[in-house]
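Peer 1: What follows is structure.cif, made up of mmCIF, C-alpha atoms and all ligand atoms:
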data_run
#
loop_
_atom_site.label_atom_id
_atom_site.label_comp_id
_atom_site.auth_asym_id
_atom_site.auth_seq_id
_atom_site.Cartn_x
_atom_site.Cartn_y
_atom_site.Cartn_z
CA MET E 229 100.70 133.62 90.35
CA SER E 230 102.86 136.72 90.49
CA VAL E 231 101.47 139.87 92.05
CA ARG E 232 99.86 142.11 89.42
CA ARG E 233 101.14 145.63 88.96
CA PHE E 234 98.95 148.62 88.07
CA MET E 235 99.90 152.11 86.97
CA MET E 236 98.02 154.87 88.74
CA HIS E 237 98.29 158.53 89.67
CA SER E 238 99.47 159.30 93.20
CA SER E 239 96.26 161.30 93.74
CA ALA E 240 94.43 157.94 94.07
CA ILE E 241 96.10 157.43 97.46
CA ARG E 242 94.68 158.93 100.61
CA ASP E 243 95.20 157.97 104.25
CA GLY E 244 96.93 154.71 103.44
CA TYR E 245 94.30 153.59 100.94
CA ALA E 246 94.16 153.71 97.17
CA SER E 247 90.70 153.83 95.66
CA PHE E 248 89.91 153.22 91.99
CA ASP E 249 86.97 153.37 89.64
CA GLY E 250 86.97 153.48 85.82
CA ASP E 251 89.74 151.76 83.86
CA ILE E 252 91.81 150.54 86.79
CA TYR E 253 88.70 149.16 88.52
CA ASN E 254 87.68 147.36 85.32
CA HIS E 255 91.09 145.92 84.74
CA MET E 256 91.57 144.80 88.34
CA VAL E 257 88.12 143.47 89.13
CA ARG E 258 86.42 142.63 85.83
CA VAL E 259 89.32 141.55 83.62
CA LEU E 260 91.71 140.00 86.15
CA ARG E 261 88.95 139.02 88.61
CA LEU E 262 90.95 140.08 91.63
CA GLY E 263 89.05 140.43 94.89
CA THR E 264 89.29 140.99 98.62
CA GLY E 265 92.51 139.62 100.08
CA ASP E 266 94.47 139.66 96.81
CA ALA E 267 97.86 141.37 96.84
CA VAL E 268 98.61 144.06 94.24
CA GLN E 269 101.44 146.43 93.34
CA LEU E 270 100.71 150.01 92.34
CA SER E 271 103.16 152.34 90.60
CA ASP E 272 102.58 156.07 90.44
CA GLU E 273 103.69 158.73 87.96
CA LYS E 274 106.95 159.28 89.85
CA GLY E 275 107.82 155.59 89.68
CA ILE E 276 107.14 154.93 93.38
CA THR E 277 105.83 151.40 93.92
CA TYR E 278 103.22 150.65 96.60
CA PHE E 279 102.43 147.17 97.88
CA GLY E 280 98.93 146.52 99.12
CA THR E 281 95.97 144.23 99.55
CA ILE E 282 92.49 144.64 98.15
CA THR E 283 90.23 145.25 101.12
CA GLN E 284 86.97 146.31 99.53
CA VAL E 285 85.21 145.73 96.24
CA SER E 286 81.90 147.35 95.37
CA LYS E 287 80.02 147.67 92.07
CA GLU E 288 82.13 150.57 90.87
CA ARG E 289 85.07 150.91 93.22
CA VAL E 290 87.91 148.92 94.59
CA ALA E 291 89.93 149.91 97.65
CA VAL E 292 93.50 148.79 98.27
CA THR E 293 95.09 149.09 101.70
CA ILE E 294 98.72 150.10 101.28
CA THR E 295 101.10 148.05 103.38
CA SER E 296 104.48 149.35 102.19
CA SER E 297 106.17 151.27 99.41
CA SER E 298 109.51 151.42 97.67
CA PRO E 299 111.20 154.43 96.09
CA ALA E 300 111.13 155.24 92.40
CA ILE E 301 112.59 152.75 89.98
CA GLU E 302 114.71 154.78 87.61
CA ASN E 303 113.35 154.92 84.11
CA ASP E 304 116.06 152.99 82.27
CA SER E 305 115.61 155.05 79.13
CA THR E 306 118.90 156.40 77.84
CA ALA E 307 117.21 159.28 76.02
CA PRO E 308 117.13 162.79 77.53
CA ARG E 309 114.04 163.87 79.47
CA ILE E 310 111.84 165.10 76.64
CA THR E 311 108.99 167.54 77.26
CA ILE E 312 106.44 168.02 74.50
CA CYS E 313 105.08 171.56 74.68
CA GLN E 314 102.01 171.11 72.53
CA ALA E 315 99.39 173.67 71.47
CA LEU E 316 95.93 172.25 72.03
CA PRO E 317 94.69 170.65 68.78
CA LYS E 318 91.10 170.12 67.65
CA GLY E 319 88.87 167.34 68.89
CA ASP E 320 90.35 164.12 70.14
CA LYS E 321 93.73 164.53 68.42
CA ILE E 322 95.22 165.25 71.80
CA ASP E 323 94.40 161.70 72.89
CA LEU E 324 96.51 160.36 70.03
CA ILE E 325 99.39 162.72 70.83
CA LEU E 326 99.39 161.71 74.51
CA GLN E 327 99.07 158.01 73.80
CA LYS E 328 101.71 157.79 71.07
CA GLY E 329 103.98 160.25 72.85
CA THR E 330 103.92 158.09 75.99
CA GLU E 331 104.84 155.02 73.96
CA LEU E 332 107.68 156.97 72.38
CA GLY E 333 109.08 157.95 75.77
CA ALA E 334 107.99 161.58 76.27
CA HIS E 335 108.71 162.52 79.84
CA GLU E 336 106.14 165.26 80.22
CA PHE E 337 103.44 167.00 78.20
CA ARG E 338 102.90 170.70 78.67
CA LEU E 339 99.72 171.57 76.78
CA PHE E 340 98.87 175.18 76.05
CA GLY E 341 96.14 177.25 74.47
CA GLY E 342 97.67 178.59 71.25
CA ARG E 343 96.40 181.87 69.77
CA ARG E 344 95.29 179.85 66.74
CA SER E 345 94.07 176.80 68.67
CA ILE E 346 90.48 176.23 67.63
CA ALA E 347 89.70 174.17 70.70
CA LYS E 348 89.31 176.25 73.85
CA ILE E 349 89.31 175.19 77.45
CA ARG E 350 87.20 177.12 79.91
CA ASP E 351 88.48 177.56 83.46
CA ASP E 352 85.75 175.31 84.81
CA GLN E 353 86.74 172.49 82.42
CA GLN E 354 90.42 172.56 83.30
CA SER E 355 90.65 170.13 86.19
CA GLY E 356 88.44 167.55 84.47
CA LYS E 357 90.51 167.75 81.29
CA ILE E 358 93.83 167.50 83.14
CA GLU E 359 92.57 164.45 84.99
CA ARG E 360 91.44 162.84 81.74
CA TRP E 361 94.73 163.56 79.96
CA ASN E 362 96.67 162.07 82.87
CA ARG E 363 94.51 158.96 82.69
CA ILE E 364 95.41 158.60 79.01
CA THR E 365 99.16 158.72 79.73
CA ALA E 366 98.74 156.34 82.69
CA GLU E 367 96.90 153.84 80.51
CA ALA E 368 99.43 154.18 77.67
CA ALA E 369 102.32 153.73 80.16
CA ARG E 370 100.67 150.57 81.45
CA GLN E 371 100.14 149.24 77.93
CA CYS E 372 103.73 149.75 76.87
CA GLY E 373 105.31 148.66 80.14
CA ARG E 374 106.84 151.94 81.26
CA PRO E 375 107.65 152.18 84.97
CA ASP E 376 106.80 155.89 85.09
CA ILE E 377 103.84 157.95 83.88
CA PRO E 378 104.41 161.16 81.91
CA GLU E 379 102.68 164.06 83.62
CA VAL E 380 100.31 166.29 81.64
CA THR E 381 100.02 169.94 82.67
CA TRP E 382 98.08 172.87 81.23
CA CYS E 383 99.13 176.47 80.46
CA PRO E 384 96.59 179.00 79.18
CA SER E 385 98.96 180.59 76.63
CA ALA E 386 102.23 180.18 74.73
CA ALA E 387 103.76 182.89 76.91
CA ALA E 388 102.93 180.91 80.05
CA ALA E 389 104.19 177.69 78.47
CA ALA E 390 107.48 179.30 77.42
CA ASN E 391 108.14 180.47 80.96
CA ASP E 392 109.96 178.21 83.34
CA SER E 393 111.81 176.27 80.64
CA GLY E 394 115.01 175.08 82.29
CA GLN E 395 115.68 172.38 79.70
CA GLU E 396 119.15 172.24 78.22
CA LEU E 397 117.89 172.13 74.63
CA ARG E 398 114.83 174.19 73.68
CA LEU E 399 113.33 173.96 70.20
CA ILE E 400 110.24 175.36 68.54
CA LEU E 401 109.08 173.56 65.41
CA TRP E 402 108.11 176.47 63.23
CA GLU E 403 106.63 176.13 59.79
CA GLY E 404 107.89 179.67 59.00
CA GLU E 405 111.55 178.84 59.64
CA ARG E 406 113.56 178.83 56.40
CA GLU E 407 117.19 178.71 57.53
CA HIS E 408 117.61 176.30 60.39
CA SER E 409 116.68 172.67 60.05
CA LEU E 410 116.07 170.22 62.85
CA LYS E 411 119.05 168.25 61.58
CA ASP E 412 121.35 171.25 62.09
CA ALA E 413 120.05 171.83 65.61
CA LEU E 414 120.51 168.20 66.64
CA SER E 415 123.93 167.74 65.12
CA ILE E 416 125.50 170.48 67.27
CA GLY E 417 126.78 169.31 70.66
CA GLY E 418 126.28 165.98 72.39
CA LYS E 419 123.26 164.46 74.05
CA PRO E 420 121.47 167.04 76.22
CA SER E 421 120.16 165.98 79.62
CA SER E 422 116.75 167.49 78.88
CA VAL E 423 114.87 168.81 75.88
CA ILE E 424 111.64 170.74 75.38
CA VAL E 425 109.98 171.01 71.97
CA ALA E 426 107.16 173.46 71.20
CA ILE E 427 104.64 172.49 68.53
CA GLY E 428 101.89 174.71 67.16
CA PRO E 429 98.20 173.99 66.55
CA GLU E 430 96.55 173.28 63.17
CA GLY E 431 96.62 176.98 62.32
CA GLY E 432 100.33 177.22 63.16
CA PHE E 433 102.12 179.65 65.46
CA ASP E 434 101.32 183.32 65.62
CA PRO E 435 104.58 185.35 65.19
CA LEU E 436 104.09 186.77 68.68
CA GLU E 437 104.19 183.27 70.10
CA VAL E 438 107.37 182.48 68.17
CA SER E 439 108.94 185.55 69.76
CA HIS E 440 107.82 184.48 73.27
CA PHE E 441 109.52 181.14 72.79
CA SER E 442 112.62 182.72 71.23
CA GLN E 443 112.95 185.05 74.22
CA HIS E 444 113.13 181.98 76.41
CA GLY E 445 115.96 180.46 74.38
CA TYR E 446 113.93 178.24 72.05
CA GLN E 447 115.58 177.84 68.63
CA PRO E 448 113.13 177.84 65.72
CA VAL E 449 113.69 174.84 63.46
CA SER E 450 112.12 173.56 60.27
CA LEU E 451 111.09 170.00 59.49
CA GLY E 452 111.41 170.68 55.78
CA SER E 453 109.15 171.95 53.03
CA ARG E 454 106.21 169.65 53.74
CA ILE E 455 103.77 170.91 56.35
CA LEU E 456 102.96 168.15 58.79
CA ARG E 457 99.79 167.97 60.84
CA THR E 458 100.40 168.97 64.42
CA GLU E 459 99.99 165.39 65.68
CA THR E 460 102.39 164.10 63.01
CA ALA E 461 105.00 166.69 64.03
CA SER E 462 104.66 165.72 67.68
CA ILE E 463 104.98 161.99 67.07
CA ALA E 464 107.78 162.43 64.50
CA ILE E 465 109.96 164.58 66.74
CA LEU E 466 109.81 162.01 69.53
CA ALA E 467 110.65 159.13 67.20
CA ILE E 468 113.59 161.10 65.80
CA MET E 469 114.94 161.95 69.25
CA GLN E 470 114.55 158.41 70.53
CA TYR E 471 116.36 157.14 67.46
CA ILE E 472 119.25 159.53 67.94
CA TRP E 473 119.59 159.43 71.72
CA GLY E 474 117.50 156.55 72.99
CA GLU E 475 117.66 152.80 72.78
CA MET E 476 115.79 152.32 69.50
N1 LIG E 501 98.71 176.06 59.21
C1 LIG E 501 100.13 176.14 59.21
C2 LIG E 501 100.76 174.80 59.53
C3 LIG E 501 100.62 174.33 60.93
S1 LIG E 501 101.25 172.73 61.12
C4 LIG E 501 100.58 176.54 57.82
O1 LIG E 501 99.87 176.25 56.86
O2 LIG E 501 101.67 177.08 57.71
C5 LIG E 501 101.14 172.51 62.86
C6 LIG E 501 102.43 172.59 63.61
O3 LIG E 501 103.26 171.48 63.29
C7 LIG E 501 103.29 173.80 63.33
O4 LIG E 501 102.93 174.93 64.06
C8 LIG E 501 104.69 173.31 63.70
O5 LIG E 501 104.89 173.34 65.10
C9 LIG E 501 104.64 171.88 63.25
N2 LIG E 501 105.10 171.71 61.86
C10 LIG E 501 104.44 171.09 60.86
N3 LIG E 501 105.17 171.07 59.72
C11 LIG E 501 106.34 171.69 60.01
C12 LIG E 501 107.52 171.97 59.26
N4 LIG E 501 107.64 171.62 57.99
N5 LIG E 501 108.53 172.60 59.91
C13 LIG E 501 108.42 172.96 61.20
N6 LIG E 501 107.34 172.74 61.95
C14 LIG E 501 106.30 172.10 61.37
#
Transcribe the structure of this file into structure tokens.
Peer 2:
Amino acid sequence: MSVRRFMMHSSAIRDGYASFDGDIYNHMVRVLRLGTGDAVQLSDEKGITYFGTITQVSKERVAVTITSSSPAIENDSTAPRITICQALPKGDKIDLILQKGTELGAHEFRLFGGRRSIAKIRDDQQSGKIERWNRITAEAARQCGRPDIPEVTWCPSAAAAANDSGQELRLILWEGEREHSLKDALSIGGKPSSVIVAIGPEGGFDPLEVSHFSQHGYQPVSLGSRILRTETASIAILAIMQYIWGEM
């Protein structure tokens, strides 16, 4: 039998061991019935592959001793590196955005607290949420057979999210835009090496936020006269970009 490969976050590795509970534990131990002495491959969010052997299995945890590693396998996607800069939506919609976005090849998710985001994240909830979101993209990457895992980061505001945007093409999907369509923006110039797209929450963008993004070189674009739900906009923009620039 070939050696099984698992997607994980590099934070699972410490001192030459990788330790897992939750989904990876279940998949490895309960579903595949792997145990002490079995060889496994682990790939992290940067695409680095680790080779190891299961050395300990308890009721809730499995430990893998790492024996060697190999550098990142390049993601063979031909699309640009796409960052989804998404205002936090209500409830569990974010799970859908992260899962579908990973399948559609998003490279990174930068989530931010929009002025009109109904959901709020307290400082003490941040690290738990970030961990959970990264588990969702890791699981989605595993499901769809991606060699890399899109990273999920958190910014408290649109202003913070707009900062540090070095991407070649920067767009903000704005329901208030009347002149410039997405089609116009994408038909100018060739394939960019990287793209970032800002998407507002259910309540839309506050004009102040639109100006923060504009100041950082984001072009406001319209998706037409119909107002899409935030999760629809996020999924649609990725599908469109993959169709134009990727291997779809
Ligand atoms: N409540 C707002 C709509 C918000 S839709 C209103 O009624 O005007 C949520 C987000 O999806 C928007 O902030 C925008 O980023 C994106 N979006 C949805 N439909 C869009 C459209 N037709 N054009 C551009 N962006 C759109």
Peer 1: Enumerate residues in contact with ligand LIG 501 (chain E): an atom-to-atom distance of at most 12 Å, counting all atoms listed in the file. Format the result as a PyMOL selection string.
Peer 2: chain E and resi 312-318+342-346+386+399-411+425-435+437-438+441+447-465
Peer 1: Scan for residues within 7 Å of the point (110.4, 157.4, 73.7) in the coordinates of the file, using all atoms listed in the file, and reply as a ChimeraX atom specification.
Peer 2: /E:330-334,466-467,470
Peer 1: May I ask for the distance between CA of Leu260 in chain E and CA of Gln327 in chain E, given in Å to one decimal place?
Peer 2: 23.0 Å
Peer 1: Write out as a VMD selection string the residues lying within 9 Å of Ser296 in chain E, counting all atoms listed in the file and excluding same-chain residues fewer than 5 positions away.
Peer 2: chain E and resid 277 to 280
Peer 1: Of the candidates E:Met235, E:Leu270, E:Ile349, E:Ile310, which one gets nearest to Trp382 in chain E if we count all atoms listed in the file?
Peer 2: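 Ranked by minimum distance to Trp382 in chain E, first place goes to E:Ile349.
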Peer 1: So that I can see what lies close to Gly474 in chain E, please list as a ChimeraX atom specification the residues with an atom at most 8 Å from it, counting all atoms listed in the file and leaving out residues fewer than 3 positions away in the same chain.
Peer 2: /E:305-308,469-471
Peer 1: Which residues of range 235-271 of chain E come within 12 Å of range 368-372 of chain E, and for each one, what is the closest pair of atoms and their distance in Å to one decimal, counting only C-alpha atoms, sorted by chain and residue number, as CSV?
Peer 2:
residue,atom,partner,partner_atom,distance
E:Met235,CA,E:Arg370,CA,5.8
E:Met236,CA,E:Arg370,CA,8.9
E:His237,CA,E:Ala369,CA,11.4
E:Asp251,CA,E:Arg370,CA,11.3
E:Ile252,CA,E:Arg370,CA,10.3
E:His255,CA,E:Arg370,CA,11.1
E:Leu270,CA,E:Arg370,CA,10.9
E:Ser271,CA,E:Arg370,CA,9.6
Peer 1: Around the point (85.9, 144.4, 99.2) (coordinates from the file), which residues reach within 12 Å if we count all atoms listed in the file? Answer as a ChimeraX atom specification.
Peer 2: /E:247,257,262-266,281-293
Peer 1: Go ahead and compute the interatomic distance for CA of His335 in chain E and CA of Val423 in chain E, in Å to one decimal.
Peer 2: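 Computing it gives 9.7 Å between the two atoms.
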Peer 1: Using only C-alpha atoms, find the one residue out of E:Cys383, E:Ala390, E:Leu324, E:Ile364 that sits nearest to Ser442 in chain E.
Peer 2: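 Of the candidates, the smallest distance to Ser442 in chain E is held by E:Ala390.
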Peer 1: If you measure from CA of Ile322 in chain E to CA of Tyr253 in chain E, what distance in Å do you get, rounded to one decimal?
Peer 2: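 Distance between the two atoms: 24.1 Å.
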Peer 1: Which one of E:Gly373, E:Pro384, E:Gly250, E:Gly244 sits closest to Gly341 in chain E if you count all atoms listed in the file?
Peer 2: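 Looking at the shortest contact to Gly341 in chain E, the residue is E:Pro384.
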Peer 1: Need to verify the contact set: Gln395 in chain E, 9 Å, all atoms listed in the file, exclusion of same-chain residues closer than 4 positions in sequence. Can you return it as a ChimeraX atom specification?
Peer 2: /E:309-311,420-424
Peer 1: Can you put all heavy atoms back into range 394-405 of chain E and show it as a PDB file, keeping the file's coordinate frame?
Peer 2:
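Listing of part_26.pdb after writing:
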ATOM      1  N   GLY E 394     113.617 175.264  81.882  1.00  0.00           N
ATOM      2  CA  GLY E 394     115.010 175.080  82.290  1.00  0.00           C
ATOM      3  C   GLY E 394     115.741 174.023  81.473  1.00  0.00           C
ATOM      4  O   GLY E 394     116.880 173.690  81.758  1.00  0.00           O
ATOM      5  N   GLN E 395     115.084 173.480  80.460  1.00  0.00           N
ATOM      6  CA  GLN E 395     115.680 172.380  79.700  1.00  0.00           C
ATOM      7  C   GLN E 395     116.941 172.837  78.978  1.00  0.00           C
ATOM      8  O   GLN E 395     117.030 173.982  78.533  1.00  0.00           O
ATOM      9  CB  GLN E 395     114.668 171.832  78.668  1.00  0.00           C
ATOM     10  CG  GLN E 395     113.536 171.034  79.259  1.00  0.00           C
ATOM     11  CD  GLN E 395     112.427 171.890  79.865  1.00  0.00           C
ATOM     12  OE1 GLN E 395     112.472 173.117  79.829  1.00  0.00           O
ATOM     13  NE2 GLN E 395     111.430 171.259  80.434  1.00  0.00           N
ATOM     14  N   GLU E 396     117.874 171.903  78.849  1.00  0.00           N
ATOM     15  CA  GLU E 396     119.150 172.240  78.220  1.00  0.00           C
ATOM     16  C   GLU E 396     118.971 172.601  76.745  1.00  0.00           C
ATOM     17  O   GLU E 396     119.553 173.560  76.256  1.00  0.00           O
ATOM     18  CB  GLU E 396     120.081 171.020  78.369  1.00  0.00           C
ATOM     19  CG  GLU E 396     121.514 171.313  78.012  1.00  0.00           C
ATOM     20  CD  GLU E 396     122.383 170.068  78.201  1.00  0.00           C
ATOM     21  OE1 GLU E 396     122.050 169.191  79.034  1.00  0.00           O
ATOM     22  OE2 GLU E 396     123.398 169.984  77.493  1.00  0.00           O
ATOM     23  N   LEU E 397     118.148 171.839  76.032  1.00  0.00           N
ATOM     24  CA  LEU E 397     117.890 172.130  74.630  1.00  0.00           C
ATOM     25  C   LEU E 397     116.428 172.522  74.464  1.00  0.00           C
ATOM     26  O   LEU E 397     115.533 171.801  74.908  1.00  0.00           O
ATOM     27  CB  LEU E 397     118.197 170.891  73.766  1.00  0.00           C
ATOM     28  CG  LEU E 397     117.946 171.033  72.261  1.00  0.00           C
ATOM     29  CD1 LEU E 397     118.883 172.065  71.639  1.00  0.00           C
ATOM     30  CD2 LEU E 397     118.116 169.686  71.551  1.00  0.00           C
ATOM     31  N   ARG E 398     116.202 173.701  73.869  1.00  0.00           N
ATOM     32  CA  ARG E 398     114.830 174.190  73.680  1.00  0.00           C
ATOM     33  C   ARG E 398     114.600 174.453  72.190  1.00  0.00           C
ATOM     34  O   ARG E 398     115.341 175.233  71.596  1.00  0.00           O
ATOM     35  CB  ARG E 398     114.630 175.494  74.472  1.00  0.00           C
ATOM     36  CG  ARG E 398     114.375 175.262  75.945  1.00  0.00           C
ATOM     37  CD  ARG E 398     114.797 176.435  76.791  1.00  0.00           C
ATOM     38  NE  ARG E 398     116.228 176.347  77.061  1.00  0.00           N
ATOM     39  CZ  ARG E 398     116.962 177.266  77.651  1.00  0.00           C
ATOM     40  NH1 ARG E 398     116.422 178.396  78.035  1.00  0.00           N
ATOM     41  NH2 ARG E 398     118.252 177.088  77.859  1.00  0.00           N
ATOM     42  N   LEU E 399     113.606 173.808  71.636  1.00  0.00           N
ATOM     43  CA  LEU E 399     113.330 173.960  70.200  1.00  0.00           C
ATOM     44  C   LEU E 399     111.871 174.335  69.995  1.00  0.00           C
ATOM     45  O   LEU E 399     111.001 173.890  70.744  1.00  0.00           O
ATOM     46  CB  LEU E 399     113.574 172.633  69.463  1.00  0.00           C
ATOM     47  CG  LEU E 399     114.981 172.026  69.514  1.00  0.00           C
ATOM     48  CD1 LEU E 399     114.981 170.664  68.826  1.00  0.00           C
ATOM     49  CD2 LEU E 399     116.001 172.956  68.869  1.00  0.00           C
ATOM     50  N   ILE E 400     111.625 175.127  68.969  1.00  0.00           N
ATOM     51  CA  ILE E 400     110.240 175.360  68.540  1.00  0.00           C
ATOM     52  C   ILE E 400     110.170 174.929  67.076  1.00  0.00           C
ATOM     53  O   ILE E 400     110.964 175.398  66.246  1.00  0.00           O
ATOM     54  CB  ILE E 400     109.784 176.828  68.774  1.00  0.00           C
ATOM     55  CG1 ILE E 400     108.461 177.092  68.042  1.00  0.00           C
ATOM     56  CG2 ILE E 400     110.827 177.856  68.413  1.00  0.00           C
ATOM     57  CD1 ILE E 400     107.812 178.436  68.366  1.00  0.00           C
ATOM     58  N   LEU E 401     109.284 173.987  66.801  1.00  0.00           N
ATOM     59  CA  LEU E 401     109.080 173.560  65.410  1.00  0.00           C
ATOM     60  C   LEU E 401     108.219 174.628  64.772  1.00  0.00           C
ATOM     61  O   LEU E 401     107.063 174.824  65.156  1.00  0.00           O
ATOM     62  CB  LEU E 401     108.359 172.204  65.347  1.00  0.00           C
ATOM     63  CG  LEU E 401     109.001 171.051  66.118  1.00  0.00           C
ATOM     64  CD1 LEU E 401     108.240 169.749  65.847  1.00  0.00           C
ATOM     65  CD2 LEU E 401     110.474 170.892  65.779  1.00  0.00           C
ATOM     66  N   TRP E 402     108.831 175.342  63.823  1.00  0.00           N
ATOM     67  CA  TRP E 402     108.110 176.470  63.230  1.00  0.00           C
ATOM     68  C   TRP E 402     108.077 176.334  61.711  1.00  0.00           C
ATOM     69  O   TRP E 402     109.122 176.273  61.061  1.00  0.00           O
ATOM     70  CB  TRP E 402     108.752 177.796  63.649  1.00  0.00           C
ATOM     71  CG  TRP E 402     107.957 178.977  63.184  1.00  0.00           C
ATOM     72  CD1 TRP E 402     106.598 179.047  63.090  1.00  0.00           C
ATOM     73  CD2 TRP E 402     108.477 180.224  62.723  1.00  0.00           C
ATOM     74  NE1 TRP E 402     106.225 180.277  62.609  1.00  0.00           N
ATOM     75  CE2 TRP E 402     107.353 181.025  62.373  1.00  0.00           C
ATOM     76  CE3 TRP E 402     109.754 180.745  62.579  1.00  0.00           C
ATOM     77  CZ2 TRP E 402     107.487 182.313  61.890  1.00  0.00           C
ATOM     78  CZ3 TRP E 402     109.890 182.043  62.097  1.00  0.00           C
ATOM     79  CH2 TRP E 402     108.767 182.819  61.757  1.00  0.00           C
ATOM     80  N   GLU E 403     106.854 176.294  61.232  1.00  0.00           N
ATOM     81  CA  GLU E 403     106.630 176.130  59.790  1.00  0.00           C
ATOM     82  C   GLU E 403     107.172 177.336  59.005  1.00  0.00           C
ATOM     83  O   GLU E 403     107.420 177.233  57.807  1.00  0.00           O
ATOM     84  CB  GLU E 403     105.137 175.921  59.519  1.00  0.00           C
ATOM     85  CG  GLU E 403     104.190 177.020  59.977  1.00  0.00           C
ATOM     86  CD  GLU E 403     103.868 177.014  61.474  1.00  0.00           C
ATOM     87  OE1 GLU E 403     104.485 176.245  62.223  1.00  0.00           O
ATOM     88  OE2 GLU E 403     103.011 177.822  61.890  1.00  0.00           O
ATOM     89  N   GLY E 404     107.392 178.468  59.683  1.00  0.00           N
ATOM     90  CA  GLY E 404     107.890 179.670  59.000  1.00  0.00           C
ATOM     91  C   GLY E 404     109.417 179.741  58.973  1.00  0.00           C
ATOM     92  O   GLY E 404     109.981 180.655  58.377  1.00  0.00           O
ATOM     93  N   GLU E 405     110.088 178.800  59.609  1.00  0.00           N
ATOM     94  CA  GLU E 405     111.550 178.840  59.640  1.00  0.00           C
ATOM     95  C   GLU E 405     112.124 178.382  58.293  1.00  0.00           C
ATOM     96  O   GLU E 405     111.729 177.341  57.775  1.00  0.00           O
ATOM     97  CB  GLU E 405     112.060 177.938  60.781  1.00  0.00           C
ATOM     98  CG  GLU E 405     113.564 177.835  60.872  1.00  0.00           C
ATOM     99  CD  GLU E 405     114.254 179.174  61.064  1.00  0.00           C
ATOM    100  OE1 GLU E 405     113.729 180.015  61.831  1.00  0.00           O
ATOM    101  OE2 GLU E 405     115.308 179.396  60.451  1.00  0.00           O
TER     102      GLU E 405
END
